[in-house]
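For reference, data08.pdb (PDB, C-alpha atoms, pLDDT in the B column):
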```
ATOM      1  CA  MET K   1       0.000   0.000   0.000  1.00 74.00           C
ATOM      2  CA  GLN K   2       1.206   3.497  -0.843  1.00 90.00           C
ATOM      3  CA  THR K   3       2.770   5.512   1.968  1.00 95.00           C
ATOM      4  CA  LYS K   4       0.642   8.559   2.758  1.00 97.00           C
ATOM      5  CA  ALA K   5       2.283   9.832   5.948  1.00 98.00           C
ATOM      6  CA  VAL K   6       5.620   9.850   7.747  1.00 98.00           C
ATOM      7  CA  ILE K   7       5.663  10.032  11.545  1.00 98.00           C
ATOM      8  CA  PHE K   8       8.869  11.229  13.161  1.00 98.00           C
ATOM      9  CA  ASP K   9      10.367  10.986  16.583  1.00 96.00           C
ATOM     10  CA  LEU K  10      11.896  14.381  17.437  1.00 95.00           C
ATOM     11  CA  ASP K  11      15.055  14.081  19.533  1.00 91.00           C
ATOM     12  CA  ASN K  12      17.975  12.293  17.828  1.00 92.00           C
ATOM     13  CA  THR K  13      15.842  11.763  14.729  1.00 96.00           C
ATOM     14  CA  LEU K  14      15.189  15.283  13.460  1.00 96.00           C
ATOM     15  CA  ILE K  15      17.528  17.123  15.818  1.00 92.00           C
ATOM     16  CA  ASP K  16      20.889  16.223  17.326  1.00 89.00           C
ATOM     17  CA  PHE K  17      19.558  16.332  20.871  1.00 87.00           C
ATOM     18  CA  MET K  18      22.434  14.519  22.572  1.00 86.00           C
ATOM     19  CA  LYS K  19      25.022  16.857  21.051  1.00 88.00           C
ATOM     20  CA  MET K  20      23.065  19.752  22.526  1.00 89.00           C
ATOM     21  CA  LYS K  21      22.689  17.995  25.875  1.00 91.00           C
ATOM     22  CA  ARG K  22      26.389  17.130  26.195  1.00 93.00           C
ATOM     23  CA  THR K  23      27.590  20.586  25.140  1.00 95.00           C
ATOM     24  CA  SER K  24      25.129  22.359  27.437  1.00 95.00           C
ATOM     25  CA  CYS K  25      25.968  20.150  30.422  1.00 97.00           C
ATOM     26  CA  GLU K  26      29.692  20.655  29.937  1.00 97.00           C
ATOM     27  CA  ALA K  27      29.140  24.419  29.921  1.00 97.00           C
ATOM     28  CA  ALA K  28      26.965  24.197  33.037  1.00 98.00           C
ATOM     29  CA  ILE K  29      29.481  22.119  34.990  1.00 98.00           C
ATOM     30  CA  SER K  30      32.350  24.451  34.038  1.00 98.00           C
ATOM     31  CA  ALA K  31      30.315  27.460  35.196  1.00 98.00           C
ATOM     32  CA  MET K  32      29.415  25.767  38.488  1.00 98.00           C
ATOM     33  CA  ILE K  33      33.058  24.912  39.133  1.00 97.00           C
ATOM     34  CA  ASN K  34      34.018  28.536  38.438  1.00 97.00           C
ATOM     35  CA  ALA K  35      31.301  29.587  40.895  1.00 97.00           C
ATOM     36  CA  GLY K  36      32.728  27.411  43.661  1.00 97.00           C
ATOM     37  CA  LEU K  37      31.743  23.784  43.068  1.00 97.00           C
ATOM     38  CA  LYS K  38      34.518  21.591  44.435  1.00 95.00           C
ATOM     39  CA  LEU K  39      34.510  18.664  42.046  1.00 95.00           C
ATOM     40  CA  ASP K  40      36.500  17.435  39.061  1.00 95.00           C
ATOM     41  CA  LYS K  41      34.669  18.206  35.784  1.00 97.00           C
ATOM     42  CA  GLN K  42      34.642  14.654  34.420  1.00 96.00           C
ATOM     43  CA  LYS K  43      33.441  13.203  37.710  1.00 97.00           C
ATOM     44  CA  ALA K  44      30.746  15.886  37.889  1.00 97.00           C
ATOM     45  CA  LEU K  45      29.545  15.070  34.381  1.00 97.00           C
ATOM     46  CA  LYS K  46      29.417  11.373  35.256  1.00 96.00           C
ATOM     47  CA  VAL K  47      27.243  12.085  38.300  1.00 97.00           C
ATOM     48  CA  LEU K  48      25.014  14.447  36.313  1.00 96.00           C
ATOM     49  CA  PHE K  49      24.332  11.936  33.538  1.00 94.00           C
ATOM     50  CA  GLU K  50      23.695   9.196  36.080  1.00 94.00           C
ATOM     51  CA  LEU K  51      20.971  11.458  37.465  1.00 95.00           C
ATOM     52  CA  TYR K  52      19.614  12.017  33.948  1.00 91.00           C
ATOM     53  CA  ASP K  53      19.450   8.232  33.560  1.00 85.00           C
ATOM     54  CA  LYS K  54      17.419   8.042  36.746  1.00 89.00           C
ATOM     55  CA  TYR K  55      15.091  11.016  36.281  1.00 88.00           C
ATOM     56  CA  GLY K  56      14.987  11.416  32.491  1.00 81.00           C
ATOM     57  CA  LEU K  57      16.660  13.777  30.055  1.00 82.00           C
ATOM     58  CA  GLU K  58      13.755  16.247  30.271  1.00 81.00           C
ATOM     59  CA  TYR K  59      13.799  16.506  34.089  1.00 87.00           C
ATOM     60  CA  GLY K  60      13.620  20.212  34.947  1.00 87.00           C
ATOM     61  CA  LEU K  61      15.213  20.134  38.414  1.00 95.00           C
ATOM     62  CA  ILE K  62      18.294  18.134  37.490  1.00 96.00           C
ATOM     63  CA  PHE K  63      20.849  20.670  38.713  1.00 98.00           C
ATOM     64  CA  GLN K  64      19.084  20.919  42.071  1.00 97.00           C
ATOM     65  CA  LYS K  65      19.258  17.128  42.376  1.00 97.00           C
ATOM     66  CA  PHE K  66      22.903  17.247  41.323  1.00 98.00           C
ATOM     67  CA  LEU K  67      23.895  19.800  43.980  1.00 97.00           C
ATOM     68  CA  GLN K  68      21.912  17.969  46.639  1.00 97.00           C
ATOM     69  CA  LYS K  69      23.762  14.766  45.795  1.00 96.00           C
ATOM     70  CA  ILE K  70      27.199  16.403  45.731  1.00 95.00           C
ATOM     71  CA  ASN K  71      26.925  18.907  48.593  1.00 94.00           C
ATOM     72  CA  LYS K  72      23.797  17.746  50.472  1.00 94.00           C
ATOM     73  CA  LYS K  73      22.452  21.278  49.947  1.00 95.00           C
ATOM     74  CA  ILE K  74      21.790  23.813  47.162  1.00 96.00           C
ATOM     75  CA  ASP K  75      24.125  26.780  46.774  1.00 97.00           C
ATOM     76  CA  TYR K  76      22.000  29.152  44.688  1.00 97.00           C
ATOM     77  CA  LYS K  77      24.951  31.069  43.297  1.00 98.00           C
ATOM     78  CA  ILE K  78      26.353  27.812  41.904  1.00 97.00           C
ATOM     79  CA  LEU K  79      22.898  26.703  40.733  1.00 98.00           C
ATOM     80  CA  ALA K  80      22.204  29.965  38.907  1.00 98.00           C
ATOM     81  CA  SER K  81      25.632  29.895  37.253  1.00 98.00           C
ATOM     82  CA  GLY K  82      24.981  26.411  35.924  1.00 97.00           C
ATOM     83  CA  ILE K  83      21.480  27.153  34.642  1.00 97.00           C
ATOM     84  CA  ILE K  84      22.547  30.329  32.820  1.00 96.00           C
ATOM     85  CA  ALA K  85      25.525  28.614  31.188  1.00 97.00           C
ATOM     86  CA  TYR K  86      23.328  25.687  30.151  1.00 95.00           C
ATOM     87  CA  ARG K  87      20.747  27.940  28.519  1.00 90.00           C
ATOM     88  CA  LYS K  88      23.344  29.969  26.637  1.00 91.00           C
ATOM     89  CA  ALA K  89      25.078  26.852  25.320  1.00 92.00           C
ATOM     90  CA  GLN K  90      21.790  25.208  24.377  1.00 86.00           C
ATOM     91  CA  ALA K  91      20.754  28.120  22.190  1.00 78.00           C
ATOM     92  CA  GLY K  92      24.036  27.937  20.316  1.00 76.00           C
ATOM     93  CA  VAL K  93      24.112  24.238  19.387  1.00 83.00           C
ATOM     94  CA  LEU K  94      20.528  23.027  18.952  1.00 82.00           C
ATOM     95  CA  GLU K  95      20.102  22.305  15.261  1.00 87.00           C
ATOM     96  CA  PRO K  96      18.552  19.806  12.858  1.00 93.00           C
ATOM     97  CA  TYR K  97      20.618  17.005  11.376  1.00 94.00           C
ATOM     98  CA  PRO K  98      22.095  17.725   7.920  1.00 93.00           C
ATOM     99  CA  ASN K  99      19.534  17.878   5.087  1.00 96.00           C
ATOM    100  CA  VAL K 100      16.481  17.715   7.357  1.00 97.00           C
ATOM    101  CA  VAL K 101      14.915  20.889   5.976  1.00 96.00           C
ATOM    102  CA  PRO K 102      15.381  20.173   2.236  1.00 97.00           C
ATOM    103  CA  THR K 103      14.174  16.598   2.779  1.00 98.00           C
ATOM    104  CA  LEU K 104      11.032  17.768   4.587  1.00 98.00           C
ATOM    105  CA  ILE K 105      10.374  20.215   1.740  1.00 97.00           C
ATOM    106  CA  LYS K 106      10.609  17.363  -0.785  1.00 97.00           C
ATOM    107  CA  LEU K 107       8.335  15.132   1.294  1.00 97.00           C
ATOM    108  CA  ARG K 108       5.797  17.935   1.430  1.00 97.00           C
ATOM    109  CA  ALA K 109       6.055  18.365  -2.338  1.00 97.00           C
ATOM    110  CA  ARG K 110       5.041  14.701  -2.677  1.00 96.00           C
ATOM    111  CA  ARG K 111       1.854  15.551  -0.726  1.00 96.00           C
ATOM    112  CA  LEU K 112       2.746  13.343   2.213  1.00 97.00           C
ATOM    113  CA  LYS K 113       1.311  14.097   5.623  1.00 98.00           C
ATOM    114  CA  LEU K 114       4.026  14.666   8.234  1.00 98.00           C
ATOM    115  CA  ALA K 115       3.719  14.168  11.981  1.00 98.00           C
ATOM    116  CA  ILE K 116       5.774  14.376  15.176  1.00 98.00           C
ATOM    117  CA  LEU K 117       5.369  11.724  17.876  1.00 98.00           C
ATOM    118  CA  SER K 118       7.532  12.634  20.857  1.00 96.00           C
ATOM    119  CA  ASP K 119       7.791  11.689  24.515  1.00 93.00           C
ATOM    120  CA  ALA K 120       8.936  15.248  25.250  1.00 91.00           C
ATOM    121  CA  PRO K 121       6.689  17.630  27.208  1.00 91.00           C
ATOM    122  CA  ARG K 122       4.594  19.733  24.823  1.00 94.00           C
ATOM    123  CA  LEU K 123       6.225  23.096  25.536  1.00 93.00           C
ATOM    124  CA  LYS K 124       9.772  21.769  25.178  1.00 89.00           C
ATOM    125  CA  ALA K 125       8.931  20.030  21.921  1.00 93.00           C
ATOM    126  CA  TRP K 126       7.391  23.164  20.453  1.00 94.00           C
ATOM    127  CA  LEU K 127      10.271  25.333  21.657  1.00 89.00           C
ATOM    128  CA  ARG K 128      12.681  23.103  19.748  1.00 90.00           C
ATOM    129  CA  LEU K 129      10.546  23.021  16.613  1.00 94.00           C
ATOM    130  CA  VAL K 130      10.010  26.782  16.535  1.00 93.00           C
ATOM    131  CA  GLU K 131      13.631  27.601  17.374  1.00 87.00           C
ATOM    132  CA  MET K 132      14.819  25.502  14.434  1.00 89.00           C
ATOM    133  CA  LYS K 133      12.042  26.779  12.140  1.00 92.00           C
ATOM    134  CA  LEU K 134      10.613  23.291  11.645  1.00 95.00           C
ATOM    135  CA  ASP K 135       7.192  23.990  13.139  1.00 94.00           C
ATOM    136  CA  ASN K 136       5.312  24.625   9.876  1.00 96.00           C
ATOM    137  CA  PHE K 137       6.226  21.314   8.255  1.00 97.00           C
ATOM    138  CA  PHE K 138       3.987  19.117  10.385  1.00 98.00           C
ATOM    139  CA  ASP K 139       0.266  18.382  10.213  1.00 97.00           C
ATOM    140  CA  ILE K 140       0.166  17.089  13.783  1.00 97.00           C
ATOM    141  CA  VAL K 141       2.477  17.168  16.807  1.00 98.00           C
ATOM    142  CA  ILE K 142       1.791  14.618  19.548  1.00 98.00           C
ATOM    143  CA  CYS K 143       3.622  14.956  22.861  1.00 96.00           C
ATOM    144  CA  PHE K 144       3.503  13.281  26.255  1.00 94.00           C
ATOM    145  CA  GLU K 145       0.523  15.290  27.540  1.00 96.00           C
ATOM    146  CA  ASP K 146      -1.721  14.052  24.729  1.00 97.00           C
ATOM    147  CA  THR K 147      -1.958  10.503  26.083  1.00 97.00           C
ATOM    148  CA  ARG K 148       0.116  10.550  29.305  1.00 95.00           C
ATOM    149  CA  LYS K 149       1.773   7.425  27.919  1.00 95.00           C
ATOM    150  CA  PHE K 150       5.382   7.001  26.819  1.00 93.00           C
ATOM    151  CA  LYS K 151       6.390   5.034  23.753  1.00 94.00           C
ATOM    152  CA  PRO K 152       6.302   2.055  23.157  1.00 93.00           C
ATOM    153  CA  ASP K 153       2.778   2.134  24.632  1.00 96.00           C
ATOM    154  CA  LYS K 154       0.383   1.828  21.712  1.00 96.00           C
ATOM    155  CA  GLU K 155      -1.828   4.792  22.689  1.00 97.00           C
ATOM    156  CA  PRO K 156       0.403   7.558  21.234  1.00 97.00           C
ATOM    157  CA  PHE K 157       0.669   5.651  17.953  1.00 98.00           C
ATOM    158  CA  LEU K 158      -3.078   5.007  17.787  1.00 98.00           C
ATOM    159  CA  LEU K 159      -3.714   8.700  18.444  1.00 98.00           C
ATOM    160  CA  ALA K 160      -1.375   9.621  15.582  1.00 98.00           C
ATOM    161  CA  LEU K 161      -3.283   7.313  13.225  1.00 98.00           C
ATOM    162  CA  LYS K 162      -6.598   8.765  14.375  1.00 97.00           C
ATOM    163  CA  LYS K 163      -5.457  12.359  13.853  1.00 98.00           C
ATOM    164  CA  LEU K 164      -3.957  11.532  10.462  1.00 98.00           C
ATOM    165  CA  ASN K 165      -7.096   9.556   9.524  1.00 97.00           C
ATOM    166  CA  LEU K 166      -4.947   6.822   8.006  1.00 97.00           C
ATOM    167  CA  LYS K 167      -4.456   3.084   8.311  1.00 97.00           C
ATOM    168  CA  PRO K 168      -1.245   1.750   9.936  1.00 97.00           C
ATOM    169  CA  GLU K 169       0.032   0.306   6.653  1.00 96.00           C
ATOM    170  CA  GLU K 170      -0.209   3.775   5.058  1.00 97.00           C
ATOM    171  CA  CYS K 171       2.355   5.236   7.477  1.00 98.00           C
ATOM    172  CA  LEU K 172       6.066   5.091   8.224  1.00 98.00           C
ATOM    173  CA  MET K 173       7.498   5.663  11.706  1.00 98.00           C
ATOM    174  CA  VAL K 174      11.040   7.083  11.747  1.00 98.00           C
ATOM    175  CA  GLY K 175      12.947   6.889  15.033  1.00 95.00           C
ATOM    176  CA  ASP K 176      16.328   6.331  16.649  1.00 92.00           C
ATOM    177  CA  ASN K 177      15.188   4.191  19.590  1.00 89.00           C
ATOM    178  CA  PRO K 178      14.381   0.538  18.788  1.00 90.00           C
ATOM    179  CA  LYS K 179      12.747  -0.153  22.149  1.00 88.00           C
ATOM    180  CA  ARG K 180      10.433   2.851  22.038  1.00 89.00           C
ATOM    181  CA  ASP K 181       9.930   4.193  18.517  1.00 93.00           C
ATOM    182  CA  LEU K 182      10.150   0.997  16.498  1.00 93.00           C
ATOM    183  CA  LYS K 183       8.634  -1.491  18.930  1.00 93.00           C
ATOM    184  CA  GLY K 184       5.653   0.738  19.582  1.00 92.00           C
ATOM    185  CA  ALA K 185       4.999   1.310  15.881  1.00 96.00           C
ATOM    186  CA  LYS K 186       5.227  -2.397  15.049  1.00 95.00           C
ATOM    187  CA  VAL K 187       2.647  -3.258  17.710  1.00 94.00           C
ATOM    188  CA  VAL K 188      -0.011  -1.264  15.840  1.00 96.00           C
ATOM    189  CA  GLY K 189       1.146  -2.290  12.356  1.00 96.00           C
ATOM    190  CA  ILE K 190       3.043   0.823  11.256  1.00 97.00           C
ATOM    191  CA  LYS K 191       6.093   0.226   9.041  1.00 96.00           C
ATOM    192  CA  THR K 192       9.325   1.229  10.770  1.00 97.00           C
ATOM    193  CA  VAL K 193      12.442   3.136   9.732  1.00 97.00           C
ATOM    194  CA  PHE K 194      15.492   2.999  12.015  1.00 95.00           C
ATOM    195  CA  ALA K 195      17.355   6.340  12.087  1.00 95.00           C
ATOM    196  CA  LYS K 196      20.726   4.723  12.666  1.00 92.00           C
ATOM    197  CA  TYR K 197      22.599   8.041  12.360  1.00 92.00           C
ATOM    198  CA  GLY K 198      21.037   9.308  15.606  1.00 90.00           C
ATOM    199  CA  SER K 199      20.889   6.128  17.667  1.00 87.00           C
ATOM    200  CA  LEU K 200      22.764   5.677  20.939  1.00 74.00           C
ATOM    201  CA  SER K 201      21.079   2.347  21.618  1.00 71.00           C
ATOM    202  CA  LYS K 202      23.018  -0.920  21.743  1.00 69.00           C
ATOM    203  CA  THR K 203      19.820  -2.828  21.112  1.00 68.00           C
ATOM    204  CA  LYS K 204      19.752  -4.574  17.768  1.00 70.00           C
ATOM    205  CA  ALA K 205      16.966  -3.092  15.712  1.00 67.00           C
ATOM    206  CA  LYS K 206      14.683  -5.161  13.483  1.00 87.00           C
ATOM    207  CA  PRO K 207      13.021  -2.443  11.434  1.00 94.00           C
ATOM    208  CA  ASP K 208      11.493  -2.593   7.995  1.00 95.00           C
ATOM    209  CA  TYR K 209      14.106  -0.100   6.781  1.00 95.00           C
ATOM    210  CA  VAL K 210      17.379   1.447   7.994  1.00 94.00           C
ATOM    211  CA  ILE K 211      18.667   4.905   7.035  1.00 96.00           C
ATOM    212  CA  ASN K 212      22.186   6.187   7.706  1.00 95.00           C
ATOM    213  CA  SER K 213      21.313   9.797   6.891  1.00 96.00           C
ATOM    214  CA  PHE K 214      18.055  11.711   6.921  1.00 97.00           C
ATOM    215  CA  GLU K 215      17.812  12.291   3.169  1.00 97.00           C
ATOM    216  CA  GLU K 216      17.826   8.513   2.539  1.00 97.00           C
ATOM    217  CA  LEU K 217      14.201   8.609   3.626  1.00 97.00           C
ATOM    218  CA  LEU K 218      13.313   9.966   0.174  1.00 96.00           C
ATOM    219  CA  GLY K 219      14.136   6.592  -1.343  1.00 95.00           C
ATOM    220  CA  LEU K 220      11.527   4.866   0.809  1.00 94.00           C
ATOM    221  CA  VAL K 221       8.420   6.897  -0.109  1.00 92.00           C
TER     222      VAL K 221
END
```
What is this structure when it is put down as structure tokens?
Amino acid sequence: MQTKAVIFDLDNTLIDFMKMKRTSCEAAISAMINAGLKLDKQKALKVLFELYDKYGLEYGLIFQKFLQKINKKIDYKILASGIIAYRKAQAGVLEPYPNVVPTLIKLRARRLKLAILSDAPRLKAWLRLVEMKLDNFFDIVICFEDTRKFKPDKEPFLLALKKLNLKPEECLMVGDNPKRDLKGAKVVGIKTVFAKYGSLSKTKAKPDYVINSFEELLGLV
């Protein structure tokens, strides 16, 4: 059956989220050390990312948790220094992967519906899309608040199909995370595309297709 829509994960599929996260965290730790944090930078980064693993990469109070763990209290001068440095670095490095914009333009020209299906909170997802000028490409944007379920739960995928008014076999799901993006799509019958270029997972993917760069998607539709 002809593909009529492409559904995208956001982070590490359309945008290089982990590059932004690493760069921003390095800037934050350096600023906190300059403000008085007594800890080696590499050790501090290790502790910080362990906390991200525990609480999630979108957790908004991560630096408070970090300072509580390191110092058993929050020094607000150190906290403020870290937050400001993080925000400044984030604005400078958040960008789409190469050829995302021209590829989306070509997909649009083929009259395909385009959708975002992200586990990110709605505001953060939209901030990223608008900042990178990607917001007008998509017919629908589904975020965590829409179902209160994380991928691979089937509810976000079923909602995407409902909003697109399409059958599962008429859609492609493009994502970097085999356990969440691809597994969830397969459960409801959506064909899957593994965005290998953005994946940090060691899990072996079993998708319908694999792409090593974003523009390779054009050969699948």
Inset, instruction - Name every residue that the PyMOL selection byres ((chain K and resi 71-86) around 9) selects in this structure, writing the answer as a list of chain:residue names with chains first and numbers rising. - result: K:Lys21, K:Thr23, K:Ser24, K:Cys25, K:Glu26, K:Ala27, K:Ala28, K:Ile29, K:Ser30, K:Ala31, K:Met32, K:Ile33, K:Asn34, K:Ala35, K:Gly36, K:Leu37, K:Phe63, K:Gln64, K:Lys65, K:Phe66, K:Leu67, K:Gln68, K:Lys69, K:Ile70, K:Arg87, K:Lys88, K:Ala89, K:Gln90, K:Ala91
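Picked by the PyMOL selection byres ((chain K and resi 116-126) around 6) from the coordinates shown: K:Ile7, K:Phe8, K:Asp9, K:Leu10, K:Ala115, K:Leu127, K:Arg128, K:Leu129, K:Val130, K:Val141, K:Ile142, K:Cys143, K:Phe144, K:Phe150.
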Legend entry - Among listed residues K:Gly92, K:Gly198, K:Pro152, K:Pro102, nearest Ile15 (chain K) (using all atoms listed in the file):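 Of K:Gly92, K:Gly198, K:Pro152, K:Pro102, the one nearest Ile15 (chain K) is K:Gly198, counting all atoms listed in the file.
As for CA of Gly175 (chain K) and CA of Gly189 (chain K), they are spaced 15.2 Å apart.
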Taking a cut-off of 10 Å and counting only C-alpha atoms, can you build a table that, for each residue of region 54-119 of chain K near region 214-219 of chain K, reports the nearest atom pair and how far apart they are in Å (one decimal), sorted by chain then residue number, as CSV?
```
residue,atom,partner,partner_atom,distance
K:Tyr97,CA,K:Phe214,CA,7.4
K:Pro98,CA,K:Phe214,CA,7.3
K:Asn99,CA,K:Glu215,CA,6.2
K:Val100,CA,K:Phe214,CA,6.2
K:Val101,CA,K:Glu215,CA,9.5
K:Pro102,CA,K:Glu215,CA,8.3
K:Thr103,CA,K:Glu215,CA,5.7
K:Leu104,CA,K:Glu215,CA,8.8
K:Lys106,CA,K:Leu218,CA,7.9
K:Leu107,CA,K:Leu218,CA,7.3
K:Arg110,CA,K:Leu218,CA,9.9
```
